[in-house]
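What follows is the content of target_3.pdb, which has PDB, C-alpha atoms:
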ATOM      1  CA  MET A  26       1.811  -1.942 -23.118
ATOM      2  CA  ILE A  27       1.688  -2.054 -19.304
ATOM      3  CA  LEU A  28      -1.608  -1.252 -17.585
ATOM      4  CA  VAL A  29      -1.499   0.139 -14.036
ATOM      5  CA  VAL A  30      -4.697  -0.472 -12.064
ATOM      6  CA  GLY A  31      -4.930   1.797  -9.033
ATOM      7  CA  ALA A  32      -2.857   4.425 -10.829
ATOM      8  CA  THR A  33      -4.061   7.392  -8.781
ATOM      9  CA  GLY A  34      -3.074   5.845  -5.435
ATOM     10  CA  GLU A  35       0.207   6.439  -3.650
ATOM     11  CA  LEU A  36       1.879   3.221  -4.816
ATOM     12  CA  GLY A  37       0.172   3.051  -8.210
ATOM     13  CA  SER A  38       1.165   6.598  -9.150
ATOM     14  CA  LEU A  39       4.797   5.876  -8.246
ATOM     15  CA  VAL A  40       4.674   2.771 -10.459
ATOM     16  CA  VAL A  41       3.356   4.898 -13.343
ATOM     17  CA  ARG A  42       6.147   7.437 -12.836
ATOM     18  CA  ARG A  43       8.915   4.822 -12.676
ATOM     19  CA  LEU A  44       7.659   3.098 -15.816
ATOM     20  CA  GLY A  45       7.550   6.464 -17.582
ATOM     21  CA  GLU A  46      11.086   7.306 -16.442
ATOM     22  CA  ALA A  47      12.230   3.964 -17.856
ATOM     23  CA  GLY A  48      10.627   4.781 -21.214
ATOM     24  CA  ARG A  49       8.125   1.935 -20.943
ATOM     25  CA  PRO A  50       4.726   2.270 -22.651
ATOM     26  CA  VAL A  51       2.323   2.670 -19.731
ATOM     27  CA  ARG A  52      -1.423   3.084 -19.526
ATOM     28  CA  ALA A  53      -2.898   4.464 -16.302
ATOM     29  CA  MET A  54      -6.421   3.297 -15.467
ATOM     30  CA  VAL A  55      -8.326   6.173 -13.855
ATOM     31  CA  ARG A  56     -11.934   7.031 -13.079
ATOM     32  CA  ASP A  57     -11.597  10.736 -13.886
ATOM     33  CA  PRO A  58      -8.797  11.882 -16.209
ATOM     34  CA  GLY A  59      -9.224  15.401 -14.823
ATOM     35  CA  THR A  60      -7.753  14.273 -11.521
ATOM     36  CA  ALA A  61      -4.731  12.612 -13.140
ATOM     37  CA  ARG A  62      -3.084  15.375 -15.167
ATOM     38  CA  ASP A  63       0.140  14.818 -13.246
ATOM     39  CA  LEU A  64       0.217  11.220 -14.505
ATOM     40  CA  ALA A  65      -0.461  12.294 -18.081
ATOM     41  CA  ALA A  66       2.490  14.685 -17.772
ATOM     42  CA  THR A  67       4.760  11.663 -17.231
ATOM     43  CA  GLY A  68       3.844  10.403 -20.687
ATOM     44  CA  ALA A  69       1.328   7.837 -19.487
ATOM     45  CA  GLU A  70      -1.736   7.153 -21.579
ATOM     46  CA  LEU A  71      -4.859   7.688 -19.477
ATOM     47  CA  VAL A  72      -7.794   5.331 -19.911
ATOM     48  CA  THR A  73     -11.129   5.868 -18.186
ATOM     49  CA  ALA A  74     -12.195   2.613 -16.556
ATOM     50  CA  ASP A  75     -13.385   1.348 -13.181
ATOM     51  CA  LEU A  76     -13.211  -2.020 -11.430
ATOM     52  CA  ARG A  77     -16.800  -1.379 -10.328
ATOM     53  CA  ARG A  78     -17.884  -1.193 -13.989
ATOM     54  CA  PRO A  79     -16.721  -4.384 -15.733
ATOM     55  CA  GLU A  80     -17.930  -3.159 -19.114
ATOM     56  CA  THR A  81     -15.134  -0.554 -19.088
ATOM     57  CA  LEU A  82     -12.290  -3.023 -18.549
ATOM     58  CA  ASP A  83     -11.921  -4.476 -22.047
ATOM     59  CA  ALA A  84     -10.892  -1.122 -23.509
ATOM     60  CA  ALA A  85      -8.337  -0.673 -20.722
ATOM     61  CA  LEU A  86      -6.859  -4.136 -21.369
ATOM     62  CA  ARG A  87      -6.635  -3.888 -25.151
ATOM     63  CA  ASP A  88      -3.071  -4.491 -26.414
ATOM     64  CA  VAL A  89      -1.808  -4.900 -22.842
ATOM     65  CA  ARG A  90       0.915  -7.461 -22.126
ATOM     66  CA  THR A  91       1.295  -6.831 -18.378
ATOM     67  CA  VAL A  92      -1.055  -5.611 -15.663
ATOM     68  CA  VAL A  93       0.337  -4.061 -12.468
ATOM     69  CA  ALA A  94      -2.460  -3.863  -9.897
ATOM     70  CA  THR A  95      -2.376  -1.889  -6.656
ATOM     71  CA  ALA A  96      -6.055  -0.888  -6.318
ATOM     72  CA  ASN A  97      -7.656  -1.258  -2.873
ATOM     73  CA  VAL A  98     -10.481   0.272  -0.826
ATOM     74  CA  MET A  99      -8.602   1.261   2.319
ATOM     75  CA  ALA A 100      -9.429   4.953   1.731
ATOM     76  CA  PRO A 101     -12.632   4.752  -0.347
ATOM     77  CA  ALA A 102     -13.615   7.575  -2.673
ATOM     78  CA  GLY A 103     -17.346   6.806  -2.543
ATOM     79  CA  LYS A 104     -20.069   4.504  -1.279
ATOM     80  CA  GLY A 105     -19.486   2.075  -4.129
ATOM     81  CA  ASP A 106     -15.939   1.369  -3.003
ATOM     82  CA  THR A 107     -16.585  -1.771  -0.988
ATOM     83  CA  SER A 108     -14.678  -4.994  -0.470
ATOM     84  CA  ALA A 109     -17.380  -6.921  -2.314
ATOM     85  CA  ALA A 110     -17.180  -4.580  -5.303
ATOM     86  CA  LEU A 111     -13.384  -4.815  -5.312
ATOM     87  CA  ASP A 112     -13.500  -8.622  -5.204
ATOM     88  CA  GLU A 113     -15.861  -8.758  -8.169
ATOM     89  CA  GLY A 114     -13.841  -6.116 -10.012
ATOM     90  CA  TYR A 115     -10.649  -8.132  -9.688
ATOM     91  CA  ARG A 116     -12.472 -11.310 -10.744
ATOM     92  CA  GLN A 117     -13.645  -9.564 -13.890
ATOM     93  CA  LEU A 118     -10.253  -7.975 -14.526
ATOM     94  CA  ILE A 119      -8.384 -11.280 -14.331
ATOM     95  CA  SER A 120     -10.959 -13.113 -16.422
ATOM     96  CA  ARG A 121     -10.905 -10.467 -19.132
ATOM     97  CA  ALA A 122      -7.102 -10.244 -18.996
ATOM     98  CA  CYS A 123      -6.919 -13.955 -19.807
ATOM     99  CA  ARG A 124      -9.405 -13.627 -22.639
ATOM    100  CA  LEU A 125      -7.660 -10.607 -24.175
ATOM    101  CA  GLY A 126      -4.178 -12.150 -24.187
ATOM    102  CA  VAL A 127      -2.481 -10.494 -21.224
ATOM    103  CA  HIS A 128       0.678 -12.425 -20.357
ATOM    104  CA  ARG A 129       1.860 -11.159 -16.942
ATOM    105  CA  PHE A 130       0.100  -9.865 -13.809
ATOM    106  CA  VAL A 131       1.922  -8.168 -10.903
ATOM    107  CA  TYR A 132      -0.190  -7.718  -7.792
ATOM    108  CA  ALA A 133       0.364  -5.786  -4.542
ATOM    109  CA  SER A 134      -0.626  -8.121  -1.708
ATOM    110  CA  ILE A 135      -0.012  -8.453   2.043
ATOM    111  CA  PRO A 136       1.541 -11.171   4.216
ATOM    112  CA  VAL A 137      -0.444 -14.230   5.277
ATOM    113  CA  ASP A 138      -1.713 -14.334   8.865
ATOM    114  CA  HIS A 139      -4.172 -16.539  10.740
ATOM    115  CA  LEU A 140      -6.415 -13.444  11.068
ATOM    116  CA  ASP A 141      -6.924 -13.347   7.295
ATOM    117  CA  GLU A 142     -10.504 -14.631   7.289
ATOM    118  CA  THR A 143     -11.584 -11.980   9.797
ATOM    119  CA  LEU A 144     -10.167  -9.053   7.806
ATOM    120  CA  PRO A 145     -11.828  -7.843   4.579
ATOM    121  CA  VAL A 146      -8.576  -6.501   3.116
ATOM    122  CA  ALA A 147      -6.798  -9.809   3.724
ATOM    123  CA  ARG A 148      -9.708 -11.857   2.343
ATOM    124  CA  THR A 149      -9.571  -9.822  -0.861
ATOM    125  CA  LYS A 150      -5.822 -10.329  -1.191
ATOM    126  CA  ARG A 151      -6.121 -14.103  -0.729
ATOM    127  CA  ARG A 152      -9.025 -14.327  -3.198
ATOM    128  CA  VAL A 153      -7.130 -12.419  -5.858
ATOM    129  CA  GLU A 154      -4.041 -14.576  -5.310
ATOM    130  CA  SER A 155      -6.220 -17.667  -5.713
ATOM    131  CA  LEU A 156      -7.728 -16.321  -8.942
ATOM    132  CA  LEU A 157      -4.272 -15.577 -10.314
ATOM    133  CA  ALA A 158      -2.975 -19.032  -9.367
ATOM    134  CA  GLY A 159      -5.776 -20.641 -11.349
ATOM    135  CA  SER A 160      -5.723 -18.240 -14.282
ATOM    136  CA  GLY A 161      -2.806 -19.588 -16.289
ATOM    137  CA  LEU A 162      -1.219 -16.128 -16.307
ATOM    138  CA  SER A 163       2.408 -15.585 -15.390
ATOM    139  CA  TYR A 164       2.046 -13.689 -12.118
ATOM    140  CA  ALA A 165       3.801 -12.365  -9.038
ATOM    141  CA  ALA A 166       1.904 -11.446  -5.880
ATOM    142  CA  LEU A 167       4.255  -9.332  -3.792
ATOM    143  CA  ARG A 168       3.273  -9.729  -0.125
ATOM    144  CA  LEU A 169       4.515  -6.427   1.183
ATOM    145  CA  ALA A 170       5.678  -5.459   4.663
ATOM    146  CA  PRO A 171       4.276  -2.210   6.157
ATOM    147  CA  PHE A 172       5.103   0.894   4.123
ATOM    148  CA  THR A 173       7.406   3.282   5.993
ATOM    149  CA  GLU A 174       5.774   6.448   4.616
ATOM    150  CA  VAL A 175       2.276   5.225   5.537
ATOM    151  CA  TRP A 176       2.721   3.564   8.918
ATOM    152  CA  LEU A 177       5.098   6.136  10.376
ATOM    153  CA  GLY A 178       2.436   8.675   9.507
ATOM    154  CA  LEU A 179      -0.369   6.634  11.045
ATOM    155  CA  VAL A 180       1.480   6.386  14.358
ATOM    156  CA  GLY A 181       1.551  10.173  14.622
ATOM    157  CA  SER A 182       4.210  11.876  12.491
ATOM    158  CA  SER A 183       3.766  14.469   9.765
ATOM    159  CA  LEU A 184       7.228  13.822   8.332
ATOM    160  CA  PRO A 185       6.257  10.895   6.049
ATOM    161  CA  LEU A 186       3.921  13.099   3.991
ATOM    162  CA  ARG A 187       6.638  15.546   3.035
ATOM    163  CA  GLY A 188       7.402  15.411  -0.673
ATOM    164  CA  GLU A 189       4.725  12.789  -1.399
ATOM    165  CA  GLN A 190       2.476  13.793  -4.305
ATOM    166  CA  ARG A 191      -0.337  11.301  -3.687
ATOM    167  CA  SER A 192       0.049  10.235  -0.076
ATOM    168  CA  THR A 193      -2.537   7.730   1.123
ATOM    169  CA  LEU A 194      -2.852   9.691   4.359
ATOM    170  CA  ALA A 195      -3.719  12.887   2.474
ATOM    171  CA  ARG A 196      -6.639  11.361   0.587
ATOM    172  CA  PRO A 197     -10.049  13.030   1.079
ATOM    173  CA  TYR A 198     -11.542  10.234   3.153
ATOM    174  CA  TRP A 199     -13.429  11.551   6.167
ATOM    175  CA  PHE A 200     -12.119   9.028   8.698
ATOM    176  CA  LEU A 201      -8.484   9.536   7.739
ATOM    177  CA  ARG A 202      -8.959  13.295   7.917
ATOM    178  CA  ALA A 203     -10.546  13.063  11.362
ATOM    179  CA  PHE A 204      -7.880  10.668  12.622
ATOM    180  CA  ARG A 205      -5.075  12.827  11.285
ATOM    181  CA  ARG A 206      -6.599  15.973  12.767
ATOM    182  CA  PHE A 207      -5.872  14.614  16.240
ATOM    183  CA  THR A 208      -2.742  12.550  15.624
ATOM    184  CA  ALA A 209      -0.863  14.078  12.671
ATOM    185  CA  ARG A 210       1.943  15.657  14.719
ATOM    186  CA  ILE A 211       1.919  13.959  18.115
ATOM    187  CA  VAL A 212       5.403  12.549  17.489
ATOM    188  CA  GLU A 213       6.856  15.972  16.794
ATOM    189  CA  GLN A 214       4.770  17.938  19.295
ATOM    190  CA  ARG A 215       4.301  15.531  22.192
ATOM    191  CA  GLY A 216       6.971  12.896  21.711
ATOM    192  CA  ILE A 217       4.422  10.059  21.474
ATOM    193  CA  MET A 218       4.145   7.289  18.885
ATOM    194  CA  LEU A 219       0.634   5.789  19.002
ATOM    195  CA  VAL A 220       1.249   2.280  17.655
ATOM    196  CA  PRO A 221      -0.911  -0.799  17.109
ATOM    197  CA  GLY A 222      -0.062  -3.607  19.514
ATOM    198  CA  GLN A 223       3.087  -3.818  21.571
ATOM    199  CA  ALA A 224       6.194  -1.667  21.302
ATOM    200  CA  SER A 225       8.237  -4.829  20.730
ATOM    201  CA  GLN A 226       6.343  -5.805  17.540
ATOM    202  CA  ARG A 227       8.856  -6.128  14.692
ATOM    203  CA  HIS A 228       8.436  -5.341  11.015
ATOM    204  CA  ALA A 229      10.574  -5.211   7.870
ATOM    205  CA  PHE A 230       9.405  -1.663   7.073
ATOM    206  CA  ILE A 231       9.833  -0.816   3.397
ATOM    207  CA  SER A 232       9.700   2.535   1.631
ATOM    208  CA  VAL A 233       6.751   2.833  -0.763
ATOM    209  CA  HIS A 234       9.243   4.148  -3.335
ATOM    210  CA  ASP A 235      11.195   0.904  -3.072
ATOM    211  CA  VAL A 236       7.958  -1.047  -3.355
ATOM    212  CA  ALA A 237       7.287   0.765  -6.637
ATOM    213  CA  ARG A 238      10.773  -0.222  -7.821
ATOM    214  CA  ALA A 239      10.037  -3.849  -6.931
ATOM    215  CA  MET A 240       6.651  -3.826  -8.688
ATOM    216  CA  VAL A 241       8.201  -2.401 -11.852
ATOM    217  CA  ALA A 242      11.077  -4.887 -11.728
ATOM    218  CA  ALA A 243       8.620  -7.779 -11.358
ATOM    219  CA  VAL A 244       7.140  -6.892 -14.741
ATOM    220  CA  ASP A 245      10.178  -8.419 -16.471
ATOM    221  CA  HIS A 246      11.608 -10.792 -13.852
ATOM    222  CA  GLU A 247       9.320 -13.726 -14.502
ATOM    223  CA  GLU A 248      11.498 -16.044 -12.431
ATOM    224  CA  VAL A 249       9.932 -14.238  -9.459
ATOM    225  CA  SER A 250       6.555 -15.924  -9.571
ATOM    226  CA  GLY A 251       3.609 -16.705  -7.349
ATOM    227  CA  PRO A 252       3.295 -15.216  -3.848
ATOM    228  CA  VAL A 253       6.587 -13.812  -2.492
ATOM    229  CA  ASP A 254       7.289 -11.834   0.676
ATOM    230  CA  VAL A 255       8.990  -8.478   0.130
ATOM    231  CA  GLY A 256      10.277  -6.311   2.975
ATOM    232  CA  GLY A 257      12.830  -3.641   3.692
ATOM    233  CA  PRO A 258      16.542  -3.921   4.405
ATOM    234  CA  GLU A 259      16.123  -4.257   8.187
ATOM    235  CA  VAL A 260      13.664  -5.462  10.803
ATOM    236  CA  LEU A 261      12.797  -2.946  13.512
ATOM    237  CA  SER A 262      10.533  -2.853  16.547
ATOM    238  CA  TRP A 263       8.393   0.207  17.240
ATOM    239  CA  THR A 264      10.855   0.970  20.033
ATOM    240  CA  ASP A 265      13.679   0.999  17.480
ATOM    241  CA  VAL A 266      11.675   3.435  15.352
ATOM    242  CA  ALA A 267      11.116   5.676  18.379
ATOM    243  CA  VAL A 268      14.884   5.809  18.936
ATOM    244  CA  ILE A 269      15.366   6.946  15.322
ATOM    245  CA  PHE A 270      12.722   9.657  15.732
ATOM    246  CA  THR A 271      14.447  10.730  18.956
ATOM    247  CA  ASP A 272      17.778  11.117  17.153
ATOM    248  CA  VAL A 273      16.295  12.962  14.165
ATOM    249  CA  LEU A 274      14.013  15.301  16.124
ATOM    250  CA  GLY A 275      16.387  15.909  19.008
ATOM    251  CA  ARG A 276      13.686  15.201  21.580
ATOM    252  CA  PRO A 277      12.612  12.049  23.421
ATOM    253  CA  VAL A 278       9.970   9.964  21.679
ATOM    254  CA  ARG A 279       8.213   7.133  23.496
ATOM    255  CA  VAL A 280       5.848   4.408  22.316
ATOM    256  CA  LEU A 281       2.231   4.130  23.445
ATOM    257  CA  GLY A 282       0.690   0.839  22.314
ATOM    258  CA  ILE A 283      -3.014   0.378  21.567
ATOM    259  CA  PRO A 284      -4.058  -3.171  22.568
ATOM    260  CA  THR A 285      -5.134  -5.208  19.555
ATOM    261  CA  GLY A 286      -8.112  -6.459  21.586
ATOM    262  CA  VAL A 287      -9.474  -2.912  21.706
ATOM    263  CA  VAL A 288      -8.982  -2.562  17.956
ATOM    264  CA  ALA A 289     -10.744  -5.911  17.370
ATOM    265  CA  VAL A 290     -13.790  -4.693  19.335
ATOM    266  CA  LEU A 291     -13.897  -1.478  17.289
ATOM    267  CA  GLN A 292     -13.622  -3.510  14.102
ATOM    268  CA  ARG A 293     -16.624  -5.678  15.031
ATOM    269  CA  VAL A 294     -18.772  -2.809  16.299
ATOM    270  CA  LEU A 295     -18.146  -0.659  13.228
ATOM    271  CA  ALA A 296     -18.595  -3.427  10.639
ATOM    272  CA  PRO A 297     -22.409  -3.056  10.252
ATOM    273  CA  VAL A 298     -22.490   0.752  10.226
ATOM    274  CA  ALA A 299     -19.124   1.850   8.790
ATOM    275  CA  PRO A 300     -17.574  -1.086   6.911
ATOM    276  CA  ALA A 301     -14.748   0.990   5.411
ATOM    277  CA  VAL A 302     -13.664   2.234   8.840
ATOM    278  CA  SER A 303     -13.980  -1.315  10.140
ATOM    279  CA  GLY A 304     -11.668  -2.412   7.348
ATOM    280  CA  LEU A 305      -9.071   0.141   8.398
ATOM    281  CA  MET A 306      -9.366  -1.066  11.984
ATOM    282  CA  GLY A 307      -8.772  -4.586  10.688
ATOM    283  CA  LEU A 308      -5.581  -3.535   8.934
ATOM    284  CA  TYR A 309      -4.451  -1.677  12.071
ATOM    285  CA  ARG A 310      -5.170  -4.837  14.059
ATOM    286  CA  LEU A 311      -3.217  -6.981  11.602
ATOM    287  CA  VAL A 312      -0.093  -4.825  11.855
ATOM    288  CA  GLY A 313      -0.406  -4.787  15.632
ATOM    289  CA  HIS A 314      -0.898  -8.550  15.861
ATOM    290  CA  SER A 315       1.514  -9.907  13.265
ATOM    291  CA  SER A 316       5.221  -9.502  12.600
ATOM    292  CA  SER A 317       7.054  -9.233   9.298
ATOM    293  CA  ASP A 318      10.299 -10.411  10.835
ATOM    294  CA  TRP A 319      11.875 -11.448   7.542
ATOM    295  CA  ASP A 320      15.003 -11.237   5.485
ATOM    296  CA  THR A 321      13.800 -10.910   1.882
ATOM    297  CA  SER A 322      17.112  -9.724   0.460
ATOM    298  CA  GLU A 323      17.329 -12.755  -1.824
ATOM    299  CA  VAL A 324      14.048 -11.789  -3.517
ATOM    300  CA  THR A 325      14.882  -8.096  -3.825
ATOM    301  CA  THR A 326      18.314  -8.947  -5.198
ATOM    302  CA  ARG A 327      16.719 -11.204  -7.817
ATOM    303  CA  LEU A 328      14.416  -8.322  -8.725
ATOM    304  CA  GLY A 329      17.408  -6.045  -9.154
ATOM    305  CA  VAL A 330      16.479  -3.714  -6.278
ATOM    306  CA  PRO A 331      19.013  -4.670  -3.576
ATOM    307  CA  GLU A 332      19.679  -1.192  -2.147
ATOM    308  CA  LEU A 333      16.545  -0.367  -0.170
ATOM    309  CA  ARG A 334      16.109   2.673   2.055
ATOM    310  CA  THR A 335      16.255   2.184   5.779
ATOM    311  CA  VAL A 336      13.711   3.765   8.103
ATOM    312  CA  GLU A 337      16.360   6.207   9.296
ATOM    313  CA  GLN A 338      17.214   7.205   5.737
ATOM    314  CA  VAL A 339      13.546   7.858   4.986
ATOM    315  CA  ILE A 340      12.947   9.904   8.156
ATOM    316  CA  ARG A 341      16.125  11.955   7.785
ATOM    317  CA  GLY A 342      15.350  12.584   4.125
ATOM    318  CA  LYS A 343      11.843  13.745   4.965
ATOM    319  CA  ALA A 344      13.062  15.941   7.831
ATOM    320  CA  ALA A 345      15.285  17.784   5.376
ATOM    321  CA  LEU A 346      12.285  18.720   3.194
ATOM    322  CA  ARG A 347       9.910  21.624   3.739
ATOM    323  CA  PRO A 348       6.706  20.656   5.586
ATOM    324  CA  THR A 349       3.732  19.577   3.471
ATOM    325  CA  ARG A 350       0.823  21.981   3.782
TER     326      ARG A 350
END
Have the structure of the file written as structure tokens, please.
Amino acid sequence: MILVVGATGELGSLVVRRLGEAGRPVRAMVRDPGTARDLAATGAELVTADLRRPETLDAALRDVRTVVATANVMAPAGKGDTSAALDEGYRQLISRACRLGVHRFVYASIPVDHLDETLPVARTKRRVESLLAGSGLSYAALRLAPFTEVWLGLVGSSLPLRGEQRSTLARPYWFLRAFRRFTARIVEQRGIMLVPGQASQRHAFISVHDVARAMVAAVDHEEVSGPVDVGGPEVLSWTDVAVIFTDVLGRPVRVLGIPTGVVAVLQRVLAPVAPAVSGLMGLYRLVGHSSSDWDTSEVTTRLGVPELRTVEQVIRGKAALRPTR
């Protein structure tokens, strides 16, 4: 049995679907089964459990050989969804997984950067990686480049949401809704990409659907172990992405960069009063400050997922779909 933690999120739900399509026995950990009927329809077994309630985890882990974990608090569902609660939840999950005989743990992480200690999301990722390294479990922590469908939406396009059943950007989190209200279509309507940092910043953008393929593949490919960087098939600057949007939309698209210093100030100011928003600002700052200028084709080939979608393929595919309402 494979347990997916974070099963109702964008990445987690895709992992559940791919495992179901492959005929693998999969258990989806959810807080409210009523909100996960689409996952049950894939053949997944639903189990009601919550990282914030450690007493519920043993039942979720029973008879499980592999855990695939994607849960995070970047778009919290309630006041209890905090970085501290997530840290403790993962500590309990890993401890109980060891005790109950889980063999393999596949974790969705992010790249290392010298900003890690100043960013709650990065601190959580490093802590979980450390717990896994000391657990004795076979594990892979996939340090993932920015997701094409998420970040191209955050910079102002509505295209990435088309066809996505559980898009992160469509979650009912007040800040995301407010942000999207003003920026959701500025690429299409005004020809502006509002990006973190400089237009020259380069990333190995990767489709979230290809990330799901990699997570599922890592369940069985135990030679891929420990922390490994995973990115898309090409490295592009924001300027390169703007050129692709220009070609697809048939109108000029230019890049407007938000200085990371401004984002850092917002992160600090918001931390005491709106920690979740501060966390999002931290992630925005990280993408604007760092680069994922990698070639990870050797890793993805070992995982058996060598043919990854380019940014242009994703955008053109989305443009061909009907708009998401």
May I have the residues within 6 Å of segment 152-162 of chain A as a ChimeraX atom specification, using only C-alpha atoms and disregarding those fewer than 3 positions away in the same chain?
/A:128-129,149
Which residues are close to segment 42-48 of chain A, i.e. within 12 Å by all atoms listed in the file, leaving aside same-chain residues fewer than 3 positions away? Reply as a short mmCIF file (atom, residue, chain, number, x, y, z; two decimals) with C-alpha atoms, in the coordinates of the input.
data_model
loop_
_atom_site.label_atom_id
_atom_site.label_comp_id
_atom_site.auth_asym_id
_atom_site.auth_seq_id
_atom_site.Cartn_x
_atom_site.Cartn_y
_atom_site.Cartn_z
CA MET A 26 1.81 -1.94 -23.12
CA ILE A 27 1.69 -2.05 -19.30
CA LEU A 28 -1.61 -1.25 -17.58
CA VAL A 29 -1.50 0.14 -14.04
CA ALA A 32 -2.86 4.42 -10.83
CA THR A 33 -4.06 7.39 -8.78
CA GLY A 34 -3.07 5.84 -5.44
CA GLU A 35 0.21 6.44 -3.65
CA LEU A 36 1.88 3.22 -4.82
CA GLY A 37 0.17 3.05 -8.21
CA SER A 38 1.16 6.60 -9.15
CA LEU A 39 4.80 5.88 -8.25
CA VAL A 51 2.32 2.67 -19.73
CA ARG A 52 -1.42 3.08 -19.53
CA ALA A 53 -2.90 4.46 -16.30
CA ASP A 63 0.14 14.82 -13.25
CA LEU A 64 0.22 11.22 -14.50
CA ALA A 65 -0.46 12.29 -18.08
CA ALA A 66 2.49 14.68 -17.77
CA THR A 67 4.76 11.66 -17.23
CA GLY A 68 3.84 10.40 -20.69
CA ALA A 69 1.33 7.84 -19.49
CA GLU A 70 -1.74 7.15 -21.58
CA VAL A 93 0.34 -4.06 -12.47
CA GLN A 190 2.48 13.79 -4.30
CA ARG A 191 -0.34 11.30 -3.69
CA HIS A 234 9.24 4.15 -3.34
CA ASP A 235 11.20 0.90 -3.07
CA VAL A 236 7.96 -1.05 -3.36
CA ALA A 237 7.29 0.76 -6.64
CA ARG A 238 10.77 -0.22 -7.82
CA ALA A 239 10.04 -3.85 -6.93
CA MET A 240 6.65 -3.83 -8.69
CA VAL A 241 8.20 -2.40 -11.85
CA ALA A 242 11.08 -4.89 -11.73
CA ALA A 243 8.62 -7.78 -11.36
CA VAL A 244 7.14 -6.89 -14.74
CA ASP A 245 10.18 -8.42 -16.47
#
Taking all atoms listed in the file into account, name the residue in A:Ser134, A:Gln338, A:Ser163, A:Thr193 that is nearest to Asp254 of chain A.
A:Ser134
How close does segment 101-169 of chain A get to segment 283-295 of chain A? List, as a tab-separated table, each residue of segment 101-169 of chain A within 12 Å, its nearest atom pair and the distance in Å to one decimal, counting all atoms listed in the file.
residue	atom	partner	partner_atom	distance
A:Leu140	CA	A:Ala289	CA	10.7
A:Thr143	CA	A:Arg293	CA	9.6
A:Leu144	CA	A:Gln292	CA	9.1
A:Pro145	CA	A:Gln292	CA	10.6
For the residues in that selection, give me C-alpha atoms as a CSV table (one decimal), in the coordinates of the input.
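Contents of result-v8.csv, freshly written:
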chain,number,residue,atom,x,y,z
A,140,LEU,CA,-6.4,-13.4,11.1
A,143,THR,CA,-11.6,-12.0,9.8
A,144,LEU,CA,-10.2,-9.1,7.8
A,145,PRO,CA,-11.8,-7.8,4.6
Would you write out, as an NGL selection string, every residue that the PyMOL selection byres ((chain A and resi 186) around 12) captures in this file?
:A and (35 or 173-179 or 181-185 or 187-196 or 205 or 209-210 or 233 or 339-340 or 342-344 or 346-350)
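When atom CA of Val280 of chain A is paired with atom CA of Trp319 of chain A, their separation reads 22.5 Å.
Residues lying within 10 Å of Leu169 of chain A, counting all atoms listed in the file and ignoring same-chain neighbours fewer than 5 positions away, are Ala133, Ser134, Ile135, Pro136, Ala229, Phe230, Ile231, Val233, Val236, Val253, Asp254, Val255, Gly256, Gly257 and Ser317 of chain A.
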Thr107 of chain A environment, 12 Å, only C-alpha atoms, sequence neighbours closer than 3 positions dropped, as a list in words:
Leu76, Arg77, Ala96, Asn97, Val98, Met99, Ala100, Pro101, Ala102, Gly103, Lys104, Ala110, Leu111, Asp112, Glu113, Gly114, Pro145, Val146, Thr149, Ala296, Ala299, Pro300, Ala301, Val302, Ser303 and Gly304 of chain A
Taking N, CA, C and O atoms as the atom set, what does segment 177-184 of chain A look like once completed, written as an mmCIF file, keeping the file's coordinate frame?
data_model
loop_
_atom_site.group_PDB
_atom_site.id
_atom_site.type_symbol
_atom_site.label_atom_id
_atom_site.label_comp_id
_atom_site.auth_asym_id
_atom_site.auth_seq_id
_atom_site.Cartn_x
_atom_site.Cartn_y
_atom_site.Cartn_z
ATOM 1 N N LEU A 177 4.493 5.152 9.488
ATOM 2 C CA LEU A 177 5.098 6.136 10.376
ATOM 3 C C LEU A 177 4.262 7.408 10.441
ATOM 4 O O LEU A 177 4.369 8.186 11.391
ATOM 5 N N GLY A 178 3.414 7.597 9.433
ATOM 6 C CA GLY A 178 2.436 8.675 9.507
ATOM 7 C C GLY A 178 1.253 8.299 10.376
ATOM 8 O O GLY A 178 0.778 9.107 11.187
ATOM 9 N N LEU A 179 0.782 7.075 10.255
ATOM 10 C CA LEU A 179 -0.369 6.634 11.045
ATOM 11 C C LEU A 179 -0.085 6.622 12.540
ATOM 12 O O LEU A 179 -0.999 6.790 13.347
ATOM 13 N N VAL A 180 1.171 6.421 12.925
ATOM 14 C CA VAL A 180 1.480 6.386 14.358
ATOM 15 C C VAL A 180 1.710 7.782 14.929
ATOM 16 O O VAL A 180 1.981 7.921 16.116
ATOM 17 N N GLY A 181 1.580 8.832 14.069
ATOM 18 C CA GLY A 181 1.551 10.173 14.622
ATOM 19 C C GLY A 181 2.574 11.170 14.141
ATOM 20 O O GLY A 181 2.756 12.204 14.768
ATOM 21 N N SER A 182 3.221 10.923 12.995
ATOM 22 C CA SER A 182 4.210 11.876 12.491
ATOM 23 C C SER A 182 3.743 12.504 11.182
ATOM 24 O O SER A 182 3.140 11.845 10.336
ATOM 25 N N SER A 183 4.064 13.780 11.023
ATOM 26 C CA SER A 183 3.766 14.469 9.765
ATOM 27 C C SER A 183 4.904 14.348 8.758
ATOM 28 O O SER A 183 4.731 14.647 7.578
ATOM 29 N N LEU A 184 6.075 13.896 9.221
ATOM 30 C CA LEU A 184 7.228 13.822 8.332
ATOM 31 C C LEU A 184 7.005 12.954 7.090
ATOM 32 O O LEU A 184 7.421 13.331 5.991
#
